[in-house]
Amino acid sequence: MRILDKYILKELLGPFFFGIAAFSSVFIGTSTLFRIAQYVTKYGASILTVTKLFFYSLPGIIVLTFPMSMLLAALLAFGRLSGSSEITAMRSGGLSFYRLAVPVMITALVVSCAAIVLNEEVVPAANAGYSNIVRYEIEKNTRTKSQEHIVVKDVNKAGQIERLTYAQNYMSDTNTLSKVSVQEFEAGRLVRLENAESAVWAADRWIMYNGTITDLSTEGRVTRTLKFTEQVMPITKNPTDISREQKKPDEMSMTELKQYIAVLKKEYAKTSNYEVELYQRIAIPMASFVFAMIGTPLGLSPNRSSSSIGLGLSIIIIFMYYAVLTVCTALGQGGAIPPLLAAWIPNIIGTLAGIYLIYKASR
C-alpha cells in the first residue's frame, strides 16, 4: 500500500508544481509586471528596487495559487490514471475509491496547513515590505497622511502590551488625533484608562485636551476618576512614526487582526472588513482541501485523461469559486451577512459538491 501511495503522490506532485508555476506566471504577467513597469516609467525606479518589489510580491501570489494547483493536480493525476485504466486495475484488486483518494486528501491537507502558516508568517510581512518600498523608495512620499482608526501598541521586552492607544482619526494638516483612548497595562492587566476629545502634537509631545483618567483595581473596578482640560499623552512616538505603524488588513498577521478588531469593537467602530479578512486567512487556504475533494472524483469521469480538458475544467471551477467568494466578501464587508459565513460559504458549497461527487464516484 505504501508503494501505491507513493505512486499516486508522484502523479499528483508534478501537475501541482506545474500549476503553481503556470498560475503564478498568469498573475505576475497580468498585474505585477505591469505595475512594476509603471514604477519604472513614471518614477524612474531602479532595477534593484523593482527586483525587491518583484520578490516581495511572490509570497502572496504563490499562496493564492495553492488551491488552484491542487485542483489541477487532482484532475490531471486521476484523469491520467483513469485514462490508462490503472484506476480500474486498482479497484479490481479490491481497493475502494476512498482508499485511492487518501494520499490526495492528505497532501491537500498538508498544502492547506502550509498556506495558513505562510499567510501568518510570511505574506503580511512581504505585503508590508512591498508597500513601504512603493511609498518611501519609489514615490518618496515621506509626509504623514490623514488616516482613520489609528492604533498604537507599546510592547515591553517580554512581549507584553504596556500601552494600547486608539484614535478615531488622524488629521495630518493639524497633527491632531481625535477621540483618543489610552489603555495602560501592568503584567497584562488593565490598570488605567485615559480618554480625551483630541490630542495635538506640539513641542515634541502629544497634548490631550478635555478628557478623563480612570484608575482600575485588580478586580477591574473603578478606584478613581479625574477630569482634565490639558494633559501630556503618555506616548513619545511622533506623527511620522505613528503613521508608519499603521497597516492595511493584508499587512497584518492574524494575531494583529484580532487585536485590531478587539480595539475597534471597544470603540463601537465597524469591524466587518477586518473580520472577513481574518476568517479568509483560514478559509482560502482550506480551499486546497475542498478542491481536492472536487477534483479527485471528477478526474475519474470518461474522457478526462486529456490535460487540456483537465486544465479547462479547473479554470471553470476556479472561476465559479472566486465569483462566489467575491460576492460573499462584498456582502460580508457590507454587513449583509455575518463575516464568518461570508468567508466560508464558498468552501461550504465546494465541500457539499465534493461529498456528492465522491459518493457518486465510489458507487
# chains A, B, ... in the order shown; residues from 1 in each chain; ligands from 1
call {"tool": "residues_around", "arguments": {"residues": "Ile47 in chain A", "least_positions_apart": "6", "cutoff": "12 Å", "atoms": "only C-alpha atoms", "output": "compact mmCIF listing (two decimals) with C-alpha atoms, in the first residue's frame"}}
result
# COMPACT_ATOMS: atom_id res chain seq x y z
CA ILE A 36 6.49 47.39 -11.92
CA ALA A 37 6.77 48.77 -15.46
CA TYR A 39 7.01 52.45 -11.44
CA VAL A 40 10.00 52.37 -13.79
CA THR A 41 8.48 54.68 -16.42
CA LEU A 53 9.25 44.61 -5.35
CA PHE A 54 9.05 41.50 -7.52
CA ILE A 138 9.72 54.89 -5.31
call {"tool": "closest_atom_pairs", "arguments": {"of": "range 264-345 of chain A", "to": "range 150-154 of chain A", "cutoff": "12 Å", "atoms": "only C-alpha atoms", "output": "JSON lines"}}
result
{"residue": "A:Leu264", "atom": "CA", "partner": "A:Val151", "partner_atom": "CA", "distance": 9.1}
{"residue": "A:Glu267", "atom": "CA", "partner": "A:Val151", "partner_atom": "CA", "distance": 11.5}
{"residue": "A:Ala269", "atom": "CA", "partner": "A:Ile150", "partner_atom": "CA", "distance": 11.7}
call {"tool": "atom_distance", "arguments": {"atom1": "CA of Asn127 in chain A", "atom2": "CA of Glu162 in chain A"}}
result
27.0 Å
call {"tool": "residues_around", "arguments": {"residues": "Ser362 in chain A", "least_positions_apart": "6", "cutoff": "10 Å", "atoms": "only C-alpha atoms", "output": "ChimeraX atom specification"}}
result
/A:96-98,297
call {"tool": "write_last_selection", "arguments": {"atoms": "N, CA and C atoms", "output": "CSV table (one decimal), in the first residue's frame"}}
result
chain,number,residue,atom,x,y,z
A,96,SER,N,-10.9,0.4,-2.7
A,96,SER,CA,-12.0,1.3,-2.9
A,96,SER,C,-11.6,2.7,-3.4
A,97,PHE,N,-12.5,3.5,-3.9
A,97,PHE,CA,-12.1,4.8,-4.3
A,97,PHE,C,-11.7,5.6,-3.1
A,98,TYR,N,-12.3,5.4,-1.9
A,98,TYR,CA,-11.9,6.1,-0.7
A,98,TYR,C,-10.4,5.9,-0.4
A,297,PRO,N,-12.7,13.0,-7.7
A,297,PRO,CA,-13.8,12.2,-8.4
A,297,PRO,C,-14.0,12.7,-9.8
call {"tool": "residues_around", "arguments": {"residues": "range 67-74 of chain A", "least_positions_apart": "3", "cutoff": "6 Å", "atoms": "only C-alpha atoms", "output": "number ranges by chain"}}
result
A: 12, 15-16, 19-20, 77, 287-288, 291-292, 295-296, 314
call {"tool": "residues_around", "arguments": {"residues": "Lys10 in chain A", "least_positions_apart": "2", "cutoff": "12 Å", "atoms": "only C-alpha atoms", "output": "list in words"}}
result
Ile3, Leu4, Asp5, Lys6, Tyr7, Ile8, Leu12, Leu13, Gly14, Pro15, Phe16, Phe17, Ala73, Ala74, Leu76, Ala77, Phe78, Leu81, Pro103, Val104 and Thr107 of chain A
call {"tool": "atom_distance", "arguments": {"atom1": "CA of Leu298 in chain A", "atom2": "CA of Leu75 in chain A"}}
result
6.5 Å
call {"tool": "residues_around", "arguments": {"residues": "range 249-255 of chain A", "least_positions_apart": "4", "cutoff": "7 Å", "atoms": "only C-alpha atoms", "output": "list in words"}}
result
Glu120, Pro124, Ala125, Asn127, Ala128, Gln259, Tyr274, Glu277 and Leu278 of chain A
call {"tool": "closest_residue", "arguments": {"among": "A:Leu300, A:Ile345, A:Val232, A:Val222", "to": "Tyr322 in chain A", "atoms": "only C-alpha atoms"}}
result
A:Ile345
call {"tool": "residues_around", "arguments": {"residues": "Gly334 in chain A", "least_positions_apart": "6", "cutoff": "12 Å", "atoms": "only C-alpha atoms", "output": "MDAnalysis selection string"}}
result
chainID A and resid 270:276 327:328 342
call {"tool": "atom_distance", "arguments": {"atom1": "CA of Lys145 in chain A", "atom2": "CA of Ser181 in chain A"}}
result
20.4 Å
call {"tool": "decode", "arguments": {"residues": "range 239-261 of chain A", "atoms": "C-alpha atoms", "output": "mmCIF file, in the first residue's frame"}}
result
data_model
loop_
_atom_site.group_PDB
_atom_site.id
_atom_site.type_symbol
_atom_site.label_atom_id
_atom_site.label_comp_id
_atom_site.auth_asym_id
_atom_site.auth_seq_id
_atom_site.Cartn_x
_atom_site.Cartn_y
_atom_site.Cartn_z
ATOM 1 C CA PRO A 239 3.222 61.594 13.868
ATOM 2 C CA THR A 240 5.594 60.077 11.318
ATOM 3 C CA ASP A 241 6.273 57.011 13.495
ATOM 4 C CA ILE A 242 2.577 56.562 14.228
ATOM 5 C CA SER A 243 1.662 56.876 10.544
ATOM 6 C CA ARG A 244 4.245 54.269 9.542
ATOM 7 C CA GLU A 245 2.987 51.850 12.188
ATOM 8 C CA GLN A 246 -0.480 51.732 10.668
ATOM 9 C CA LYS A 247 -1.064 48.690 8.493
ATOM 10 C CA LYS A 248 -3.613 47.647 5.939
ATOM 11 C CA PRO A 249 -5.532 44.400 6.646
ATOM 12 C CA ASP A 250 -3.382 42.357 4.233
ATOM 13 C CA GLU A 251 -0.242 43.554 6.064
ATOM 14 C CA MET A 252 -1.394 42.273 9.457
ATOM 15 C CA SER A 253 -0.938 38.805 10.883
ATOM 16 C CA MET A 254 -3.986 37.028 12.296
ATOM 17 C CA THR A 255 -2.857 37.930 15.818
ATOM 18 C CA GLU A 256 -2.626 41.609 14.870
ATOM 19 C CA LEU A 257 -6.002 41.469 13.149
ATOM 20 C CA LYS A 258 -7.629 40.012 16.264
ATOM 21 C CA GLN A 259 -6.103 42.737 18.441
ATOM 22 C CA TYR A 260 -7.145 45.431 15.992
ATOM 23 C CA ILE A 261 -10.710 44.105 15.804
#
